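protein.txt (compact mmCIF, C-alpha atoms) appears below.
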```
# COMPACT_ATOMS: atom_id res chain seq x y z
CA MET A 1 -1.68 -9.19 29.09
CA THR A 2 -1.57 -7.31 25.79
CA GLU A 3 1.57 -5.18 25.53
CA ARG A 4 0.72 -3.40 22.30
CA VAL A 5 -1.93 -3.05 19.61
CA SER A 6 -1.54 -2.59 15.90
CA ILE A 7 -3.96 -0.65 13.74
CA LEU A 8 -4.25 -0.46 9.97
CA ALA A 9 -5.54 2.98 9.00
CA ILE A 10 -7.03 3.54 5.55
CA GLY A 11 -7.77 6.88 3.92
CA ASP A 12 -10.22 7.72 1.15
CA VAL A 13 -11.15 4.53 -0.73
CA HIS A 14 -14.03 5.80 -2.91
CA LEU A 15 -15.52 2.38 -3.62
CA GLY A 16 -17.83 2.53 -6.61
CA THR A 17 -15.51 4.59 -8.76
CA ALA A 18 -12.70 3.72 -11.14
CA CYS A 19 -9.29 5.33 -11.50
CA SER A 20 -9.45 7.69 -14.46
CA GLY A 21 -6.75 7.87 -17.10
CA VAL A 22 -5.96 4.15 -17.29
CA PRO A 23 -5.76 3.15 -20.98
CA GLU A 24 -7.94 0.40 -22.39
CA GLY A 25 -4.94 -1.58 -23.59
CA MET A 26 -3.66 -2.58 -20.14
CA ALA A 27 -4.94 -6.14 -20.60
CA ASP A 28 -2.64 -6.48 -23.62
CA ARG A 29 0.27 -5.82 -21.25
CA GLY A 30 -0.78 -8.58 -18.89
CA VAL A 31 -2.53 -6.30 -16.38
CA ASP A 32 -6.20 -6.89 -15.63
CA PRO A 33 -7.82 -3.42 -15.22
CA HIS A 34 -9.89 -4.83 -12.34
CA GLU A 35 -6.63 -5.26 -10.40
CA LEU A 36 -6.18 -1.47 -10.38
CA THR A 37 -9.48 -0.45 -8.79
CA PRO A 38 -10.11 0.86 -5.27
CA ALA A 39 -11.90 -2.43 -4.56
CA ALA A 40 -8.76 -4.38 -5.47
CA ALA A 41 -6.66 -2.05 -3.31
CA LEU A 42 -9.02 -2.65 -0.39
CA ALA A 43 -8.74 -6.42 -0.83
CA GLY A 44 -4.96 -6.04 -0.63
CA CYS A 45 -5.34 -4.14 2.64
CA VAL A 46 -7.45 -6.94 4.08
CA ASP A 47 -4.79 -9.47 3.10
CA LEU A 48 -2.20 -7.35 4.91
CA ALA A 49 -4.38 -6.88 8.01
CA VAL A 50 -4.98 -10.61 8.34
CA LYS A 51 -1.33 -11.43 7.73
CA GLU A 52 -0.11 -8.88 10.28
CA ARG A 53 -2.84 -9.86 12.77
CA VAL A 54 -3.75 -6.26 13.45
CA ASP A 55 -6.26 -5.48 16.16
CA ALA A 56 -8.34 -2.99 14.19
CA VAL A 57 -8.83 -1.45 10.76
CA LEU A 58 -9.84 2.20 10.65
CA PHE A 59 -11.43 4.07 7.73
CA ALA A 60 -11.13 7.88 7.68
CA GLY A 61 -14.24 8.57 5.59
CA ASP A 62 -15.19 8.60 1.90
CA VAL A 63 -15.12 4.81 1.91
CA VAL A 64 -17.82 5.01 -0.75
CA GLU A 65 -17.85 7.41 -3.69
CA SER A 66 -21.52 8.42 -3.35
CA THR A 67 -24.97 7.29 -2.32
CA ASN A 68 -25.65 6.18 -5.90
CA ALA A 69 -22.53 4.00 -5.81
CA ARG A 70 -23.42 2.22 -2.57
CA PHE A 71 -24.83 -0.88 -4.27
CA GLU A 72 -21.67 -1.28 -6.34
CA ALA A 73 -19.64 -0.76 -3.16
CA MET A 74 -21.72 -3.17 -1.10
CA ALA A 75 -20.12 -6.42 -2.28
CA PRO A 76 -16.42 -5.50 -1.88
CA LEU A 77 -17.05 -3.71 1.42
CA GLU A 78 -19.13 -6.53 2.89
CA GLU A 79 -16.58 -9.13 1.79
CA SER A 80 -13.75 -7.10 3.32
CA VAL A 81 -15.54 -6.59 6.62
CA ARG A 82 -16.51 -10.26 6.83
CA ARG A 83 -12.92 -11.41 6.33
CA LEU A 84 -11.66 -8.96 8.93
CA VAL A 85 -14.30 -9.87 11.51
CA ASP A 86 -13.70 -13.59 10.95
CA ALA A 87 -10.01 -12.92 11.70
CA GLY A 88 -10.95 -11.20 14.98
CA ILE A 89 -10.18 -7.71 13.65
CA GLU A 90 -12.42 -4.82 14.60
CA VAL A 91 -13.61 -2.51 11.80
CA ILE A 92 -14.25 1.15 12.63
CA ALA A 93 -15.08 4.01 10.25
CA VAL A 94 -16.22 7.61 10.16
CA ALA A 95 -18.31 9.08 7.36
CA GLY A 96 -16.95 11.76 5.06
CA ASN A 97 -18.64 14.28 2.82
CA HIS A 98 -18.90 11.82 -0.10
CA ASP A 99 -20.48 8.96 1.87
CA VAL A 100 -22.48 10.98 4.39
CA GLU A 101 -25.60 9.03 3.35
CA ALA A 102 -24.11 5.87 1.87
CA LEU A 103 -21.91 4.76 4.76
CA PRO A 104 -24.60 4.82 7.47
CA ARG A 105 -26.84 2.79 5.17
CA LEU A 106 -24.12 0.21 4.54
CA ALA A 107 -23.05 0.11 8.18
CA ALA A 108 -26.61 -0.83 9.14
CA LEU A 109 -26.52 -3.76 6.69
CA ILE A 110 -23.05 -5.16 7.34
CA ASP A 111 -22.46 -7.08 10.57
CA GLY A 112 -19.30 -6.11 12.41
CA PHE A 113 -18.98 -2.69 10.76
CA THR A 114 -18.86 0.11 13.35
CA LEU A 115 -19.66 3.64 12.21
CA LEU A 116 -18.26 6.04 14.79
CA GLY A 117 -19.75 9.47 15.43
CA ALA A 118 -22.87 9.08 13.32
CA GLY A 119 -25.03 12.18 13.17
CA GLY A 120 -22.15 14.58 13.73
CA ARG A 121 -21.38 13.73 17.37
CA TRP A 122 -18.11 12.54 18.92
CA GLU A 123 -17.90 8.90 20.02
CA THR A 124 -15.21 6.58 21.35
CA ARG A 125 -14.24 2.95 20.91
CA THR A 126 -11.61 1.11 22.92
CA ILE A 127 -9.07 -1.25 21.36
CA PRO A 128 -9.00 -4.13 22.07
CA LYS A 129 -12.68 -4.16 22.95
CA ASP A 130 -12.71 -7.50 24.86
CA ARG A 131 -9.41 -7.17 26.73
CA PRO A 132 -7.68 -4.53 28.84
CA PRO A 133 -7.66 -1.43 26.59
CA VAL A 134 -4.41 -0.17 25.10
CA ALA A 135 -5.84 2.64 22.96
CA GLN A 136 -9.07 4.51 22.34
CA VAL A 137 -10.36 5.71 18.97
CA VAL A 138 -12.30 8.98 19.01
CA GLY A 139 -14.32 9.71 15.89
CA TRP A 140 -16.81 12.10 14.32
CA SER A 141 -18.87 11.63 11.13
CA PHE A 142 -20.41 14.05 8.67
CA ALA A 143 -24.14 14.40 9.28
CA GLU A 144 -24.65 16.42 6.07
CA GLU A 145 -22.65 16.89 2.90
CA ARG A 146 -21.31 20.32 3.83
CA VAL A 147 -20.13 21.29 7.30
CA ARG A 148 -18.79 24.82 7.74
CA HIS A 149 -17.79 24.63 11.40
CA SER A 150 -14.88 22.89 13.11
CA PRO A 151 -15.92 19.67 14.87
CA VAL A 152 -12.63 19.73 16.81
CA ALA A 153 -13.50 23.15 18.24
CA GLU A 154 -16.71 21.58 19.54
CA LEU A 155 -14.73 18.69 21.01
CA LEU A 156 -12.49 21.13 22.86
CA LYS A 157 -15.52 22.94 24.29
CA GLN A 158 -17.15 19.70 25.38
CA PRO A 159 -14.30 17.20 25.89
CA LEU A 160 -15.07 13.52 26.27
CA ALA A 161 -14.46 11.76 29.56
CA VAL A 162 -10.89 10.54 29.98
CA PRO A 163 -10.70 6.73 29.76
CA SER A 164 -9.87 4.85 32.94
CA PRO A 165 -7.22 3.66 33.10
CA PRO A 166 -5.75 6.38 30.79
CA VAL A 167 -4.67 5.12 27.36
CA PRO A 168 -3.53 6.95 24.21
CA ARG A 169 -6.33 8.45 22.19
CA ILE A 170 -6.39 8.31 18.41
CA GLY A 171 -8.54 10.87 16.62
CA LEU A 172 -10.26 9.66 13.42
CA LEU A 173 -11.74 12.42 11.33
CA HIS A 174 -12.62 13.48 7.79
CA ALA A 175 -11.92 17.19 7.59
CA ASP A 176 -10.19 20.09 5.86
CA LEU A 177 -7.03 20.93 7.80
CA ASP A 178 -5.99 24.59 8.08
CA ALA A 179 -8.64 25.68 5.59
CA SER A 180 -10.02 29.14 6.10
CA GLY A 181 -13.77 28.86 6.10
CA GLY A 182 -14.33 25.78 3.82
CA HIS A 183 -17.36 23.58 3.32
CA TYR A 184 -15.86 20.34 4.62
CA ALA A 185 -15.35 20.60 8.38
CA PRO A 186 -12.50 23.16 8.46
CA ILE A 187 -10.15 22.47 11.37
CA ARG A 188 -6.84 23.89 12.57
CA GLN A 189 -3.60 22.19 13.49
CA SER A 190 -3.57 24.12 16.77
CA GLU A 191 -6.95 22.60 17.65
CA LEU A 192 -5.62 19.10 17.08
CA ASP A 193 -2.59 19.89 19.23
CA ASP A 194 -4.80 21.22 22.04
CA THR A 195 -6.67 17.92 22.34
CA GLY A 196 -3.48 16.24 23.54
CA TYR A 197 -4.38 13.09 21.61
CA GLY A 198 -1.63 10.65 20.72
CA ALA A 199 -2.45 10.73 17.01
CA TRP A 200 -4.84 12.27 14.49
CA LEU A 201 -5.63 10.23 11.38
CA LEU A 202 -7.37 12.35 8.78
CA GLY A 203 -9.30 11.76 5.57
CA HIS A 204 -10.39 14.12 2.77
CA ILE A 205 -7.16 15.26 1.10
CA HIS A 206 -5.79 12.56 -1.17
CA LYS A 207 -2.10 13.41 -0.79
CA PRO A 208 -0.64 11.51 2.20
CA SER A 209 0.89 13.87 4.75
CA ILE A 210 1.20 12.20 8.14
CA GLU A 211 4.99 12.43 8.17
CA GLY A 212 4.99 16.07 7.11
CA LEU A 213 2.28 17.24 9.49
CA ALA A 214 3.53 16.12 12.90
CA ALA A 215 2.08 18.02 15.81
CA SER A 216 4.03 20.94 17.20
CA ASN A 217 6.01 18.78 19.62
CA GLY A 218 7.06 16.54 16.75
CA THR A 219 6.09 13.27 18.47
CA ARG A 220 2.52 12.60 17.40
CA PRO A 221 1.44 11.03 14.10
CA CYS A 222 -0.88 13.61 12.61
CA GLY A 223 -2.05 14.30 9.07
CA TYR A 224 -3.76 12.87 6.03
CA LEU A 225 -3.74 9.16 5.27
CA GLY A 226 -4.30 10.00 1.59
CA SER A 227 -6.34 8.08 -0.95
CA LEU A 228 -5.85 4.33 -0.85
CA VAL A 229 -4.96 4.32 -4.54
CA GLY A 230 -4.33 7.36 -6.75
CA LEU A 231 -7.65 8.01 -8.47
CA ASP A 232 -6.14 10.03 -11.32
CA LEU A 233 -2.81 11.33 -12.61
CA SER A 234 -2.78 14.25 -10.14
CA GLU A 235 -2.44 11.83 -7.18
CA THR A 236 1.22 11.02 -7.63
CA GLY A 237 3.60 9.15 -5.35
CA PRO A 238 3.11 6.25 -2.94
CA HIS A 239 -0.39 5.41 -1.72
CA GLY A 240 -1.62 2.76 0.63
CA PRO A 241 -2.67 2.14 4.25
CA TRP A 242 -0.73 3.20 7.34
CA LEU A 243 0.30 0.77 10.07
CA LEU A 244 0.07 2.30 13.54
CA ASP A 245 1.66 0.54 16.52
CA VAL A 246 0.70 1.56 20.05
CA SER A 247 2.63 0.28 23.05
CA ARG A 248 1.13 -0.07 26.53
CA GLU A 249 3.41 2.79 27.59
CA GLY A 250 1.67 5.02 25.05
CA ALA A 251 4.39 5.22 22.41
CA LEU A 252 3.03 5.45 18.85
CA ALA A 253 4.81 4.66 15.59
CA CYS A 254 3.28 5.04 12.16
CA ARG A 255 4.49 3.98 8.72
CA GLN A 256 2.93 3.84 5.28
CA ILE A 257 2.60 0.53 3.42
CA PRO A 258 2.64 1.40 -0.32
CA LEU A 259 0.19 -1.28 -1.42
CA ALA A 260 -1.60 0.68 -4.15
CA PRO A 261 -1.76 -1.47 -7.30
CA LEU A 262 -1.69 1.66 -9.46
CA ARG A 263 0.84 4.45 -9.08
CA TRP A 264 1.19 7.80 -10.82
CA GLU A 265 4.45 9.68 -11.23
CA ARG A 266 5.51 12.93 -12.84
CA VAL A 267 8.80 12.76 -14.73
CA THR A 268 10.88 15.31 -16.62
CA VAL A 269 12.49 14.27 -19.89
CA SER A 270 14.89 16.54 -21.75
CA VAL A 271 14.72 16.77 -25.54
CA ASP A 272 18.19 18.29 -25.74
CA GLY A 273 20.16 16.67 -28.52
CA LEU A 274 17.17 15.09 -30.26
CA GLU A 275 17.39 15.46 -34.01
CA HIS A 276 14.13 13.82 -35.06
CA VAL A 277 10.65 13.36 -33.64
CA ASP A 278 10.96 9.58 -34.06
CA ASP A 279 13.66 9.60 -31.38
CA VAL A 280 11.21 10.79 -28.69
CA PRO A 281 9.32 7.50 -28.14
CA ASP A 282 12.62 5.68 -27.58
CA ARG A 283 13.64 8.23 -24.97
CA LEU A 284 10.28 7.95 -23.22
CA MET A 285 10.43 4.17 -23.15
CA SER A 286 13.93 4.32 -21.71
CA GLU A 287 12.68 6.71 -19.02
CA ALA A 288 9.86 4.27 -18.19
CA GLU A 289 12.33 1.47 -17.56
CA THR A 290 14.57 3.71 -15.46
CA ARG A 291 11.65 4.92 -13.33
CA VAL A 292 10.42 1.40 -12.56
CA ARG A 293 13.87 0.21 -11.55
CA ARG A 294 14.35 3.22 -9.28
CA LEU A 295 10.98 2.63 -7.62
CA GLY A 296 11.87 -1.00 -7.06
CA GLU A 297 14.90 0.08 -5.04
CA VAL A 298 12.79 1.87 -2.41
CA ASP A 299 9.20 0.58 -2.64
CA ARG A 300 7.28 -2.48 -3.69
CA LEU A 301 6.40 -2.20 -7.37
CA PRO A 302 2.79 -1.58 -8.39
CA ARG A 303 0.95 -3.58 -11.02
CA ALA A 304 0.73 -0.47 -13.20
CA LEU A 305 2.56 2.85 -13.39
CA GLY A 306 1.17 5.92 -15.15
CA LEU A 307 3.74 8.54 -16.14
CA ARG A 308 2.96 12.20 -16.72
CA VAL A 309 5.88 13.44 -18.80
CA HIS A 310 7.07 17.04 -18.95
CA LEU A 311 9.28 17.52 -21.98
CA THR A 312 11.92 20.18 -21.36
CA GLY A 313 14.95 21.57 -23.15
CA THR A 314 15.43 22.74 -26.71
CA THR A 315 15.33 20.87 -29.99
CA GLY A 316 15.48 21.84 -33.63
CA CYS A 317 12.41 19.72 -34.34
CA TYR A 318 10.24 21.65 -31.90
CA GLU A 319 7.33 22.23 -34.27
CA GLY A 320 7.18 18.58 -35.32
CA LEU A 321 7.42 17.46 -31.70
CA ARG A 322 4.66 19.84 -30.68
CA ARG A 323 2.39 18.33 -33.36
CA TRP A 324 3.37 14.83 -32.15
CA ILE A 325 2.28 15.74 -28.62
CA GLU A 326 -1.03 17.15 -29.85
CA GLY A 327 -1.64 14.03 -31.96
CA GLU A 328 -1.46 11.92 -28.76
CA ALA A 329 0.27 8.99 -30.42
CA TRP A 330 1.99 8.49 -27.05
CA ARG A 331 -1.27 7.18 -25.58
CA SER A 332 -0.74 3.83 -27.31
CA MET A 333 2.82 3.51 -26.03
CA GLY A 334 3.72 1.29 -23.10
CA ARG A 335 5.83 -1.59 -21.90
CA VAL A 336 6.15 -4.09 -19.07
CA VAL A 337 9.15 -3.68 -16.78
CA GLU A 338 9.74 -6.23 -14.00
CA GLY A 339 6.05 -7.14 -14.01
CA THR A 340 4.81 -3.53 -13.91
CA GLY A 341 2.74 -2.30 -16.85
CA VAL A 342 3.86 1.23 -17.71
CA PHE A 343 1.77 3.70 -19.69
CA PHE A 344 1.89 7.41 -20.40
CA SER A 345 -1.00 9.36 -18.94
CA ASP A 346 0.02 12.76 -20.31
CA VAL A 347 2.82 14.46 -22.21
CA VAL A 348 3.24 18.15 -21.48
CA ASP A 349 5.08 20.62 -23.68
CA ALA A 350 7.43 22.45 -21.32
CA MET A 351 10.11 22.90 -23.98
CA ALA A 352 11.87 26.15 -24.71
CA LEU A 353 11.38 27.63 -28.15
CA PRO A 354 14.51 27.34 -30.30
CA LEU A 355 14.04 31.00 -31.17
CA ASP A 356 15.58 34.28 -30.13
CA LEU A 357 12.56 35.96 -28.55
CA GLU A 358 14.41 39.22 -28.02
CA ALA A 359 15.31 39.47 -31.71
CA ILE A 360 11.80 38.56 -32.87
CA ALA A 361 10.22 40.99 -30.40
CA ALA A 362 12.25 43.87 -31.93
CA GLY A 363 10.18 43.65 -35.11
CA ASP A 364 6.81 45.22 -35.91
CA ASP A 365 4.82 42.25 -37.25
CA PRO A 366 2.33 39.90 -35.50
CA ALA A 367 5.14 37.51 -34.55
CA ALA A 368 6.90 40.37 -32.76
CA LEU A 369 3.73 41.10 -30.77
CA VAL A 370 3.48 37.44 -29.64
CA ALA A 371 7.17 37.37 -28.71
CA GLN A 372 6.76 40.56 -26.68
CA ARG A 373 3.88 39.02 -24.74
CA LEU A 374 5.88 35.87 -24.06
CA LEU A 375 8.76 37.92 -22.71
CA VAL A 376 6.38 39.82 -20.44
CA LEU A 377 4.83 36.59 -19.15
CA GLY A 378 8.29 35.28 -18.34
CA ARG A 379 8.71 37.98 -15.70
CA ASP A 380 6.96 38.64 -12.40
CA ASP A 381 6.44 42.39 -12.58
CA GLU A 382 3.70 44.97 -12.97
CA ARG A 383 3.44 44.50 -16.76
CA SER A 384 3.07 40.76 -16.34
CA ARG A 385 0.38 41.12 -13.68
CA LYS A 386 -1.48 43.62 -15.86
CA LEU A 387 -1.45 41.21 -18.81
CA LEU A 388 -2.79 38.42 -16.59
CA ALA A 389 -5.51 40.71 -15.26
CA GLU A 390 -6.59 41.56 -18.81
CA ALA A 391 -6.73 37.88 -19.73
CA ARG A 392 -8.68 37.08 -16.56
CA ALA A 393 -11.28 39.76 -17.33
CA GLU A 394 -11.63 38.40 -20.86
CA MET A 395 -12.08 34.78 -19.76
CA ASP A 396 -14.03 35.25 -16.53
CA GLY A 397 -17.49 35.03 -18.08
CA THR A 398 -16.74 31.75 -19.82
CA ALA A 399 -15.03 30.18 -16.78
CA ARG A 400 -17.99 30.99 -14.52
CA GLU A 401 -20.70 29.54 -16.77
CA LEU A 402 -22.91 26.95 -15.07
CA VAL A 403 -21.83 24.26 -17.50
CA TRP A 404 -18.46 24.21 -15.72
CA GLN A 405 -19.94 23.84 -12.22
CA PRO A 406 -19.28 20.06 -12.01
CA VAL A 407 -15.64 20.74 -12.85
CA HIS A 408 -15.37 23.33 -10.07
CA GLU A 409 -16.80 20.80 -7.59
CA HIS A 410 -14.38 18.03 -8.57
CA ARG A 411 -12.17 16.71 -5.74
CA HIS A 412 -9.10 18.28 -7.38
CA ALA A 413 -10.72 21.47 -8.58
CA ALA A 414 -8.36 24.43 -8.92
CA ASP A 415 -9.05 28.01 -9.88
CA PRO A 416 -8.62 28.14 -13.69
CA LEU A 417 -8.13 31.90 -13.48
CA SER A 418 -5.34 31.94 -10.92
CA ASP A 419 -2.12 33.66 -11.96
CA ASP A 420 -0.24 30.38 -12.33
CA ALA A 421 -2.99 28.69 -14.35
CA LEU A 422 -3.46 31.69 -16.63
CA ARG A 423 0.26 32.13 -17.16
CA ASP A 424 0.61 28.48 -18.11
CA VAL A 425 -2.25 28.63 -20.64
CA LEU A 426 -1.05 31.87 -22.20
CA VAL A 427 2.57 30.74 -22.48
CA ARG A 428 1.60 27.42 -24.06
CA ALA A 429 -0.70 29.11 -26.56
CA GLY A 430 1.83 31.84 -27.31
CA ARG A 431 4.66 29.39 -27.94
CA ALA A 432 2.50 27.28 -30.25
CA VAL A 433 1.35 30.32 -32.23
CA LEU A 434 4.82 31.81 -32.50
CA SER A 435 6.34 28.50 -33.57
CA ALA A 436 3.71 28.10 -36.31
CA MET A 437 4.28 31.70 -37.42
CA MET A 438 8.03 31.26 -37.72
CA ALA A 439 7.63 27.92 -39.48
CA GLY A 440 5.30 29.58 -41.99
CA ARG A 441 7.76 32.41 -42.46
CA GLU A 442 10.57 29.94 -43.19
CA GLN A 443 8.43 28.13 -45.72
CA GLY A 444 7.56 31.42 -47.39
CA ASP A 445 11.20 32.41 -47.56
CA SER A 446 12.13 29.11 -49.18
CA THR A 447 9.61 29.46 -52.03
```
Let's see the structure in the file written out as C-alpha cells.
Amino acid sequence: MTERVSILAIGDVHLGTACSGVPEGMADRGVDPHELTPAAALAGCVDLAVKERVDAVLFAGDVVESTNARFEAMAPLEESVRRLVDAGIEVIAVAGNHDVEALPRLAALIDGFTLLGAGGRWETRTIPKDRPPVAQVVGWSFAEERVRHSPVAELLKQPLAVPSPPVPRIGLLHADLDASGGHYAPIRQSELDDTGYGAWLLGHIHKPSIEGLAASNGTRPCGYLGSLVGLDLSETGPHGPWLLDVSREGALACRQIPLAPLRWERVTVSVDGLEHVDDVPDRLMSEAETRVRRLGEVDRLPRALGLRVHLTGTTGCYEGLRRWIEGEAWRSMGRVVEGTGVFFSDVVDAMALPLDLEAIAAGDDPAALVAQRLLVLGRDDERSRKLLAEARAEMDGTARELVWQPVHEHRHAADPLSDDALRDVLVRAGRAVLSAMMAGREQGDST
C-alpha cells in the first residue's frame, strides 16, 4: 500500500515568451540562449519529475503566455506531458488569466493533460488515481480574462464533498492573494485558512512565497510558487518548481528546487576609493565572480546570471562615472565563472554627490535652487510631500496617455507617479543636473 505521494508543483511558466534583458552575446560565453527559456526550464522540471518518480505534476496557471502563443507553446508542452505520462506521472493544471483561452484549447489536444476547474467551477482529482488515494487536488480555472470576485469565497459557500476515506486536500489556484478588489480573482488568506486544506499552491505572482505565507497555524504550505524562471531582471532570487511530499498520515512538507537556468540578482557595489572610471569594470567583474561563488555555496548554479548593480558611495570621478553609466558600455561586459555566464542587466546610479549640498544651497544661483530641492527630497516632511505633489500634477497628463496603457498592463506594472517612484526620478535628475552645473562652473573658473 502506498505510504506517501510526491508532487512537483510548477508556477507561472509562460511558454511562448522569452526572458527579456538577456544580451545577444551569451553564445560567445558558451551559453546557448535557448537553454535559458521557459521551455528549457520546463524540460528540466520533467527530467526532475521522472528522476524523482513523482506521482503528479501540478501547474498553477499561466502555463502559456497568451492565446496567440499557443502554437509556439504546443510542442514543448506536448513533449513534456508525453514524457510525464509515459513515466506514469499524472499532469494536472488550472488556467490563469494569461492562458484562459489557450490552455483549454491545448488540453483538448494533448492526451494525458488534465485541466481542472474549467469554466470557473471547482473540481477535484485524487492522487494516485488508480490506487488508494493519499491526497486530493482541488482546483479552479479562469473562465474569462478578468475575474473580480473571490473563487475561494464561493468554495466556502458551496464546499465540495469530503473525500472518503478523508485525505489531505491541496488547493491549486491562480489568484491575487490579499488584493483589495483586483481584476484577477482576489482572495484572502483568511479564506484559505477557513477551507482547512492541507496546502494551497498559488500562481499569478512571480515572486515565490510559500515559506513566507504559511497559514495562521504555521503548519500548512501556502503561498505563491513563483515563475518557473525569472522572466526579467525584476524577478530576482531562486526560481524553480516545488516538491511536495504527503504522507498517509496527512503530514505535508514542501521545498523549492532552484532549477531555473537563468537567475537574476541585485547587488550593491561601492565606488568608495575609486580614482578613475576605468577602475569600475574591474570592480564589477570581481563582484560577478564573488556572487557566483556565494550562490554555489547554497544553491545549484544557473547557466546564466544577470546582475542589476546599484553603485553606491562617493567618488571624485562622479561625473565621468555617471556618463559611463549612461553610455551603457557595461552591457558588453561579462565573464564565465564556474560554468555560469554572468552579464550585467542594469547599472543604477545610487551614488552620493561629492558635493556639499548645504553650502551650494546657500547661494542664489540655479545650482543653489537644484541643491535646495535635493535637500527637500531627502526628507519625509510636508515640504517634501508638497514638492512631490507638484511634480505629480505636472506629469499626470503624460503618464495617463493611452500610449502607455500596455506598460500599465504589464505583469510588473507599478504606479509611475507613486511617491517612491517620483522621488527616485527627481533625485536622479537633480543629481545629474547639479553635477553637470558644478562641473561647468569648475571649467569656467579654470579658464
Excluding Leu109 of chain A and any residue of its chain fewer than 6 positions from it, enumerate the residues within 12 Å of it, using only C-alpha atoms, and give them as an MDAnalysis selection string. chainID A and resid 70:71 74:75 77:78 81:82 102:103 115
Requested write-out: C-alpha atoms of the selected residues, as an mmCIF file, in the frame of the given file:
```
data_model
loop_
_atom_site.group_PDB
_atom_site.id
_atom_site.type_symbol
_atom_site.label_atom_id
_atom_site.label_comp_id
_atom_site.auth_asym_id
_atom_site.auth_seq_id
_atom_site.Cartn_x
_atom_site.Cartn_y
_atom_site.Cartn_z
ATOM 1 C CA ARG A 70 -23.420 2.220 -2.570
ATOM 2 C CA PHE A 71 -24.830 -0.880 -4.270
ATOM 3 C CA MET A 74 -21.720 -3.170 -1.100
ATOM 4 C CA ALA A 75 -20.120 -6.420 -2.280
ATOM 5 C CA LEU A 77 -17.050 -3.710 1.420
ATOM 6 C CA GLU A 78 -19.130 -6.530 2.890
ATOM 7 C CA VAL A 81 -15.540 -6.590 6.620
ATOM 8 C CA ARG A 82 -16.510 -10.260 6.830
ATOM 9 C CA ALA A 102 -24.110 5.870 1.870
ATOM 10 C CA LEU A 103 -21.910 4.760 4.760
ATOM 11 C CA LEU A 115 -19.660 3.640 12.210
#
```
Kindly list the centre and edge lengths in Å, rounded to one decimal, for the axis-aligned box that covers all listed atoms of segment 185-194 of chain A plus 4 Å on each of its six sides, as lines of an AutoDock Vina configuration file.
```
center_x = -9.0
center_y = 21.6
center_z = 15.2
size_x = 20.8
size_y = 13.0
size_z = 21.7
```
Please determine the residues with any atom at most 10 Å from (3.5, 28.3, -29.1) (coordinates as given in the file, with only C-alpha atoms counting) and report them as an MDAnalysis selection string. chainID A and resid 318:319 322 349 351:353 370:371 374 426:437
His98 of chain A environment, 8 Å, all atoms listed in the file, sequence neighbours closer than 6 positions dropped, as a PyMOL selection string: chain A and resi 62+64-67+145
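Of the listed residues (A:Met26, A:Glu382, A:Ile7, A:Ser234), A:Met26 comes nearest to Phe343 of chain A; the distances count all atoms listed in the file.
From atom CA of Val342 of chain A back to atom CA of Val280 of chain A, the distance works out to 16.3 Å.
Going from atom CA of Thr312 of chain A to atom CA of Thr290 of chain A covers 17.7 Å.
One finds atom CA of Gly341 of chain A at 29.1 Å from atom CA of Phe59 of chain A.
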Using all atoms listed in the file, find the one residue out of A:Arg400, A:Lys207, A:Arg423, A:Arg441 that sits nearest to Gly11 of chain A. A:Lys207
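For the residues A:Leu321, A:Leu225, A:Ala361, A:Leu84, ranking by smallest atom-to-atom distance to Arg373 of chain A using all atoms listed in the file places A:Ala361 first.
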Rank A:Gly306, A:Pro261, A:Pro132, A:Gly16 by their smallest atom-to-atom distance to Leu233 of chain A, using all atoms listed in the file, and report the top residue only. A:Gly306
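Across A:Asp28, A:Ala135, A:Leu375, A:His239, the tightest approach to Ser164 of chain A is made by A:Ala135 when counting all atoms listed in the file.
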Closest contacts (segment 242-264 of chain A/segment 291-298 of chain A, max 12 Å, all atoms listed in the file) as a Markdown table:
```
| residue | atom | partner | partner_atom | distance |
| --- | --- | --- | --- | --- |
| A:Ile257 | CA | A:Val298 | CA | 11.8 |
| A:Pro258 | CA | A:Val298 | CA | 10.4 |
| A:Arg263 | CA | A:Leu295 | CA | 10.4 |
| A:Trp264 | CA | A:Arg291 | CA | 11.1 |
```
Keeping C-alpha atoms, export the residues of the selection given above as a PDB file, in the coordinates of the input.
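And here's selection_1.pdb as it stands now:
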```pdb
ATOM      1  CA  ILE A 257       2.600   0.530   3.420  1.00  0.00           C
ATOM      2  CA  PRO A 258       2.640   1.400  -0.320  1.00  0.00           C
ATOM      3  CA  ARG A 263       0.840   4.450  -9.080  1.00  0.00           C
ATOM      4  CA  TRP A 264       1.190   7.800 -10.820  1.00  0.00           C
TER       5      TRP A 264
END
```
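For the set A:Ile187, A:Cys254, A:Val152, A:Leu422, the residue with the smallest atom-to-atom gap to Ser384 of chain A is A:Leu422, counting all atoms listed in the file.
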Select, counting only C-alpha atoms, all protein, DNA and RNA residues no farther than 9 Å from (2.2, 13.0, -21.3) in file coordinates, and express the selection as a short mmCIF file (atom, residue, chain, number, x, y, z; two decimals) with C-alpha atoms, in the frame of the given file.
```cif
data_model
loop_
_atom_site.label_atom_id
_atom_site.label_comp_id
_atom_site.auth_asym_id
_atom_site.auth_seq_id
_atom_site.Cartn_x
_atom_site.Cartn_y
_atom_site.Cartn_z
CA LEU A 307 3.74 8.54 -16.14
CA ARG A 308 2.96 12.20 -16.72
CA VAL A 309 5.88 13.44 -18.80
CA HIS A 310 7.07 17.04 -18.95
CA LEU A 311 9.28 17.52 -21.98
CA ILE A 325 2.28 15.74 -28.62
CA GLU A 328 -1.46 11.92 -28.76
CA TRP A 330 1.99 8.49 -27.05
CA ARG A 331 -1.27 7.18 -25.58
CA PHE A 344 1.89 7.41 -20.40
CA SER A 345 -1.00 9.36 -18.94
CA ASP A 346 0.02 12.76 -20.31
CA VAL A 347 2.82 14.46 -22.21
CA VAL A 348 3.24 18.15 -21.48
CA ASP A 349 5.08 20.62 -23.68
#
```
